[in-house]
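Structure, as structure tokens:
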Amino acid sequence: MKVLVIVAHPDDEVLGCGATAARLVMEGQEVHFAILGEGLTARDFNWAAPETDQLAALHRQAHAAAAKVGVKHVVLNQLPDNRLDTVPLLDVVKIVEELVERLKPDIIYTHHAGDLNVDHGVIHRAVLTATRPMSGQVVREIYAFEVPSSTEWAFQRLEPAFRPNVFVDVTRTLEAKIAAMECYESEARKFPHPRSPEALRAIAMRWGSVVGCGAAEAFELVRSIRPRLD
Ligand SMILES: [Zn+2]
């Protein structure tokens with residue numbers, strides 16, 4: 001099985017499914033991270049192009065974070081941060097199509113459509129468009145994850161609400177996710193921020209308690225297609 005994680009910003013891949021990715025790698029699956037946005041520009045008021053050394057540092061952090069969860073394949077793109085809604089959707093779709101064509105993933109994990117962050121919604125839509133289930137489509141399953149400080153901060157005012165129905169026991173790999181998040185020095189936040197280590201553990205324990213295990217990551221199944229029996 002080949003798994004592709006498609007996200008808007010560096011750290012979304014860890015926040016959304018870092019512990020599940022670590023578990024998939026432990027299970028022998030091939031996992032790829034694709035980070036489509038550059039993750040820097042929106043912090044500048046003038047929206048100037050980010051400094052190349054800042055970008056290089058963020059890319060190093062992304063590779064270090066992936067290594068913590070055992071993921072060897074990282075694709076970094078440079079779409080504009082927090083302004084993906086100003087990029088023609090077709091351009092984003094083309095990037096996703098190229099990834100799917102090249103990597104041929106069986107399973108995709110990506111953003112939930114109703115997040116507060118506009119980029120997350122754009123990526124979700126681009127993934128759905130790029131993986132339309134026409135004959136020959138290799139992608140069999142698509143899952144949407146939550147990103148702490150974006151999914152819950154929409155307060156279910158943005159449609160659709162996140163309604164997880166797939167849960168992965170990540171008791172063994174939760175700490176790898178926390179360690180991966182710590183690689184993103186510029187993204188680190190202190191408790192009670194939802195992206196702090198304490199909050200990430202609490203969120204995993206909360207989902208774990210919902211489904212009877214110590215810690216879990218929660219997903220919403222977007223689509224699952226069982227291919228023809230040969
Ligand atoms: Zn994000």
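The way I read the labels, and the way they are meant: chains A, B, ... in the order of the structure tokens, residue 1 as the first residue of every chain, and ligand 1 as the first ligand shown, with later ones counted on from there.
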
(request) May I ask you to write as a list of chain:residue names all residues lying at most 6 Å from ligand 1, with only C-alpha atoms and all ligand atoms counted? (result)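 Within the 6 Å cut-off, the matching residues are A:Ala8, A:His9, A:Asp12.
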
Can you spit out the residues from that selection as a compact mmCIF listing (two decimals), in the first residue's frame, using N, CA, C and O atoms?
```txt
# COMPACT_ATOMS: atom_id res chain seq x y z
N ALA A 8 -1.52 21.70 3.19
CA ALA A 8 -1.28 23.07 2.76
C ALA A 8 0.04 23.61 3.31
O ALA A 8 0.79 24.27 2.59
N HIS A 9 0.30 23.37 4.59
CA HIS A 9 1.42 24.05 5.26
C HIS A 9 2.36 23.07 5.95
O HIS A 9 1.90 22.03 6.45
N ASP A 12 1.20 20.76 9.05
CA ASP A 12 -0.15 20.17 8.95
C ASP A 12 -0.07 18.65 8.86
O ASP A 12 -0.95 17.95 9.38
```

Give me the stretch 31-115 of chain A side of the contact with stretch 140-150 of chain A, cut-off 12 Å, one line per residue showing its nearest atom pair and distance in Å at one decimal, counting only C-alpha atoms, sorted by chain and residue number, as a tab-separated table.
```
residue	atom	partner	partner_atom	distance
A:Val100	CA	A:Arg140	CA	11.8
A:Lys104	CA	A:Arg140	CA	10.4
A:Pro105	CA	A:Arg140	CA	8.4
A:Asp106	CA	A:Arg140	CA	5.4
A:Ile107	CA	A:Glu141	CA	4.8
A:Ile108	CA	A:Ile142	CA	4.8
A:Tyr109	CA	A:Tyr143	CA	4.8
A:Thr110	CA	A:Ala144	CA	5.0
A:His111	CA	A:Ala144	CA	5.1
A:His112	CA	A:Ala144	CA	4.8
A:Ala113	CA	A:Ala144	CA	8.0
A:Gly114	CA	A:Ser150	CA	9.0
A:Asp115	CA	A:Ser150	CA	5.4
```

Selected residues, all heavy atoms, written as an mmCIF file, in the first residue's frame, please.
```
data_model
loop_
_atom_site.group_PDB
_atom_site.id
_atom_site.type_symbol
_atom_site.label_atom_id
_atom_site.label_comp_id
_atom_site.auth_asym_id
_atom_site.auth_seq_id
_atom_site.Cartn_x
_atom_site.Cartn_y
_atom_site.Cartn_z
ATOM 1 N N VAL A 100 -0.329 12.475 -7.956
ATOM 2 C CA VAL A 100 -1.062 11.207 -7.999
ATOM 3 C C VAL A 100 -0.583 10.367 -9.179
ATOM 4 O O VAL A 100 -0.382 9.157 -9.065
ATOM 5 C CB VAL A 100 -2.588 11.479 -8.072
ATOM 6 C CG1 VAL A 100 -3.363 10.196 -8.367
ATOM 7 C CG2 VAL A 100 -3.075 12.110 -6.767
ATOM 8 N N LYS A 104 1.167 7.323 -7.645
ATOM 9 C CA LYS A 104 0.125 6.293 -7.668
ATOM 10 C C LYS A 104 -0.241 5.780 -6.255
ATOM 11 O O LYS A 104 -0.101 4.587 -5.965
ATOM 12 C CB LYS A 104 0.553 5.137 -8.568
ATOM 13 C CG LYS A 104 0.789 5.575 -10.014
ATOM 14 C CD LYS A 104 0.852 4.412 -10.954
ATOM 15 C CE LYS A 104 0.910 4.789 -12.424
ATOM 16 N NZ LYS A 104 1.120 6.181 -12.779
ATOM 17 N N PRO A 105 -0.710 6.680 -5.404
ATOM 18 C CA PRO A 105 -1.065 6.252 -4.045
ATOM 19 C C PRO A 105 -2.385 5.480 -4.019
ATOM 20 O O PRO A 105 -3.291 5.776 -4.802
ATOM 21 C CB PRO A 105 -1.227 7.586 -3.305
ATOM 22 C CG PRO A 105 -1.677 8.543 -4.355
ATOM 23 C CD PRO A 105 -0.982 8.111 -5.628
ATOM 24 N N ASP A 106 -2.467 4.499 -3.124
ATOM 25 C CA ASP A 106 -3.733 3.791 -2.911
ATOM 26 C C ASP A 106 -4.637 4.597 -1.988
ATOM 27 O O ASP A 106 -5.851 4.550 -2.096
ATOM 28 C CB ASP A 106 -3.459 2.423 -2.253
ATOM 29 C CG ASP A 106 -2.489 1.590 -3.073
ATOM 30 O OD1 ASP A 106 -2.931 1.024 -4.074
ATOM 31 O OD2 ASP A 106 -1.288 1.550 -2.718
ATOM 32 N N ILE A 107 -4.003 5.301 -1.051
ATOM 33 C CA ILE A 107 -4.749 6.010 -0.012
ATOM 34 C C ILE A 107 -4.225 7.443 0.101
ATOM 35 O O ILE A 107 -3.004 7.660 0.044
ATOM 36 C CB ILE A 107 -4.580 5.300 1.348
ATOM 37 C CG1 ILE A 107 -5.095 3.850 1.252
ATOM 38 C CG2 ILE A 107 -5.300 6.055 2.470
ATOM 39 C CD1 ILE A 107 -4.804 3.022 2.479
ATOM 40 N N ILE A 108 -5.126 8.398 0.254
ATOM 41 C CA ILE A 108 -4.729 9.788 0.483
ATOM 42 C C ILE A 108 -5.319 10.265 1.809
ATOM 43 O O ILE A 108 -6.496 10.024 2.107
ATOM 44 C CB ILE A 108 -5.209 10.707 -0.671
ATOM 45 C CG1 ILE A 108 -4.393 10.425 -1.943
ATOM 46 C CG2 ILE A 108 -5.089 12.188 -0.288
ATOM 47 C CD1 ILE A 108 -4.774 11.289 -3.132
ATOM 48 N N TYR A 109 -4.490 10.931 2.579
ATOM 49 C CA TYR A 109 -4.935 11.652 3.774
ATOM 50 C C TYR A 109 -4.781 13.134 3.473
ATOM 51 O O TYR A 109 -3.727 13.568 2.995
ATOM 52 C CB TYR A 109 -4.070 11.307 4.988
ATOM 53 C CG TYR A 109 -4.280 9.919 5.535
ATOM 54 C CD1 TYR A 109 -3.642 8.820 4.979
ATOM 55 C CD2 TYR A 109 -5.121 9.704 6.623
ATOM 56 C CE1 TYR A 109 -3.829 7.538 5.481
ATOM 57 C CE2 TYR A 109 -5.322 8.431 7.145
ATOM 58 C CZ TYR A 109 -4.665 7.362 6.564
ATOM 59 O OH TYR A 109 -4.863 6.095 7.072
ATOM 60 N N THR A 110 -5.814 13.920 3.769
ATOM 61 C CA THR A 110 -5.711 15.349 3.494
ATOM 62 C C THR A 110 -6.596 16.156 4.448
ATOM 63 O O THR A 110 -7.193 15.610 5.375
ATOM 64 C CB THR A 110 -6.036 15.643 2.016
ATOM 65 O OG1 THR A 110 -5.656 16.984 1.706
ATOM 66 C CG2 THR A 110 -7.534 15.461 1.733
ATOM 67 N N HIS A 111 -6.690 17.456 4.163
ATOM 68 C CA HIS A 111 -7.432 18.349 5.036
ATOM 69 C C HIS A 111 -8.930 18.099 4.990
ATOM 70 O O HIS A 111 -9.471 17.639 3.991
ATOM 71 C CB HIS A 111 -7.180 19.803 4.624
ATOM 72 C CG HIS A 111 -5.815 20.284 4.957
ATOM 73 N ND1 HIS A 111 -5.408 20.505 6.240
ATOM 74 C CD2 HIS A 111 -4.749 20.578 4.171
ATOM 75 C CE1 HIS A 111 -4.147 20.925 6.236
ATOM 76 N NE2 HIS A 111 -3.724 20.966 4.991
ATOM 77 N N HIS A 112 -9.558 18.528 6.064
ATOM 78 C CA HIS A 112 -11.010 18.567 6.147
ATOM 79 C C HIS A 112 -11.498 19.854 5.473
ATOM 80 O O HIS A 112 -10.835 20.894 5.559
ATOM 81 C CB HIS A 112 -11.401 18.545 7.625
ATOM 82 C CG HIS A 112 -12.837 18.760 7.859
ATOM 83 N ND1 HIS A 112 -13.792 17.884 7.394
ATOM 84 C CD2 HIS A 112 -13.496 19.747 8.483
ATOM 85 C CE1 HIS A 112 -14.983 18.340 7.742
ATOM 86 N NE2 HIS A 112 -14.833 19.460 8.401
ATOM 87 N N ALA A 113 -12.630 19.783 4.810
ATOM 88 C CA ALA A 113 -13.116 20.922 4.010
ATOM 89 C C ALA A 113 -13.568 22.118 4.851
ATOM 90 O O ALA A 113 -13.516 23.256 4.392
ATOM 91 C CB ALA A 113 -14.265 20.468 3.114
ATOM 92 N N GLY A 114 -14.008 21.867 6.095
ATOM 93 C CA GLY A 114 -14.624 22.947 6.871
ATOM 94 C C GLY A 114 -13.693 23.634 7.848
ATOM 95 O O GLY A 114 -14.153 24.243 8.819
ATOM 96 N N ASP A 115 -12.371 23.566 7.610
ATOM 97 C CA ASP A 115 -11.415 24.219 8.524
ATOM 98 C C ASP A 115 -11.499 25.743 8.426
ATOM 99 O O ASP A 115 -11.905 26.289 7.401
ATOM 100 C CB ASP A 115 -9.982 23.791 8.178
ATOM 101 C CG ASP A 115 -9.626 22.433 8.752
ATOM 102 O OD1 ASP A 115 -10.536 21.722 9.232
ATOM 103 O OD2 ASP A 115 -8.433 22.072 8.716
#
```

(request) Between A:Leu55, A:Ser186, A:Gly28, A:Glu97, single out the one closest to A:Gln137, counting only C-alpha atoms. (result) A:Glu97

(message) Residues of chain A classed as alpha helix (DSSP H) by DSSP on the backbone are to be reported as JSON, numbers by chain.
(response) {"A": [12, 13, 14, 15, 16, 17, 18, 19, 20, 21, 22, 23, 24, 25, 26, 52, 53, 54, 55, 56, 57, 58, 59, 60, 61, 62, 63, 64, 65, 66, 67, 68, 89, 90, 91, 92, 93, 94, 95, 96, 97, 98, 99, 100, 101, 102, 103, 118, 119, 120, 121, 122, 123, 124, 125, 126, 127, 128, 129, 130, 174, 175, 176, 177, 178, 179, 180, 181, 182, 183, 197, 198, 199, 200, 201, 202, 203, 204, 205, 206, 207, 208, 209, 210, 211]}

(request) Could you please write out, as an MDAnalysis selection string, every residue of stretch 3-230 of chain A that DSSP assigns to strand (DSSP E or B)? (result) chainID A and resid 3:7 30:37 73:79 107:111 141:145 166:169 216:224

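What separates atom CA of A:Ile35 from atom CA of A:Leu79 is a distance of 9.3 Å.
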
(message) Can you pull out the residues contacting A:His193? Cut-off 12 Å, using only C-alpha atoms, and skip same-chain residues under 3 positions away; I want them as a PyMOL selection string.
(response) chain A and resi 148-150+153+187-190+196-200+202-203

Saved selection, atoms kept: N, CA and C atoms, as a short mmCIF file (atom, residue, chain, number, x, y, z; two decimals), in the first residue's frame:
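Writing done, so here's again_26.cif:
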```
data_model
loop_
_atom_site.label_atom_id
_atom_site.label_comp_id
_atom_site.auth_asym_id
_atom_site.auth_seq_id
_atom_site.Cartn_x
_atom_site.Cartn_y
_atom_site.Cartn_z
N PRO A 148 -5.46 20.66 14.69
CA PRO A 148 -5.72 21.47 15.89
C PRO A 148 -5.37 22.94 15.66
N SER A 149 -6.22 23.82 16.06
CA SER A 149 -6.17 25.27 15.91
C SER A 149 -6.72 25.72 14.55
N SER A 150 -7.29 24.82 13.79
CA SER A 150 -7.96 25.22 12.55
C SER A 150 -9.33 24.54 12.43
N TRP A 153 -11.40 25.48 15.58
CA TRP A 153 -11.60 26.94 15.66
C TRP A 153 -12.58 27.46 14.60
N GLU A 187 7.01 26.93 14.59
CA GLU A 187 5.56 26.67 14.74
C GLU A 187 5.20 26.28 16.16
N ALA A 188 6.20 26.11 17.03
CA ALA A 188 5.94 25.61 18.38
C ALA A 188 5.12 26.62 19.18
N ARG A 189 4.21 26.11 19.98
CA ARG A 189 3.36 26.95 20.83
C ARG A 189 3.30 26.35 22.22
N LYS A 190 3.09 27.22 23.21
CA LYS A 190 2.99 26.75 24.60
C LYS A 190 1.53 26.44 24.96
N SER A 196 0.32 22.76 21.19
CA SER A 196 1.36 22.46 22.18
C SER A 196 1.41 20.95 22.42
N PRO A 197 2.55 20.44 22.88
CA PRO A 197 2.63 18.99 23.14
C PRO A 197 1.54 18.51 24.09
N GLU A 198 1.28 19.29 25.15
CA GLU A 198 0.25 18.88 26.12
C GLU A 198 -1.12 18.75 25.45
N ALA A 199 -1.45 19.75 24.63
CA ALA A 199 -2.76 19.72 23.97
C ALA A 199 -2.85 18.58 22.95
N LEU A 200 -1.75 18.34 22.22
CA LEU A 200 -1.77 17.25 21.23
C LEU A 200 -1.97 15.90 21.92
N ALA A 202 -3.51 15.54 24.80
CA ALA A 202 -4.89 15.55 25.32
C ALA A 202 -5.89 15.20 24.21
N ILE A 203 -5.66 15.75 23.02
CA ILE A 203 -6.57 15.48 21.88
C ILE A 203 -6.53 13.99 21.53
#
```

(message) Set the distance at 8 Å and use only C-alpha atoms: which residues neighbour A:Ala179 once local chain neighbours fewer than 4 positions away are removed? I'd like the list as a list in words.
(response)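 Skipping anything fewer than 4 positions along the chain leaves Ala65, Lys68, Glu175 and Cys183 of chain A.
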
(request) Give me the residues within 10 Å of stretch 70-72 of chain A as a list in words, counting only C-alpha atoms and dropping any in the same chain fewer than 3 places off. (result)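 Surrounding residues, per the criterion: Gly18, Ala21, Ala22, Arg23, Leu24, Val25, Met26, Gln29, Glu30, Val31, His32, Phe33, His63, Ala64, Ala65, Ala66, Ala67, Ala176 and Ala180 of chain A.
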
(request) Could you check which of A:Gln156, A:Met181, A:Leu99, A:Arg125 is closest to A:Glu13, using only C-alpha atoms? (result)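 Of all the options, A:Met181 lies closest to A:Glu13.
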
(message) To one decimal place in Å, what is the distance between atom CA of A:Leu89 and atom CA of A:Leu4?
(response) 19.9 Å

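Nearest-residue note for A:Gly212: choosing from A:Lys177, A:Val170, A:Val87, A:Pro194, the minimum distance belongs to A:Val170, counting only C-alpha atoms.
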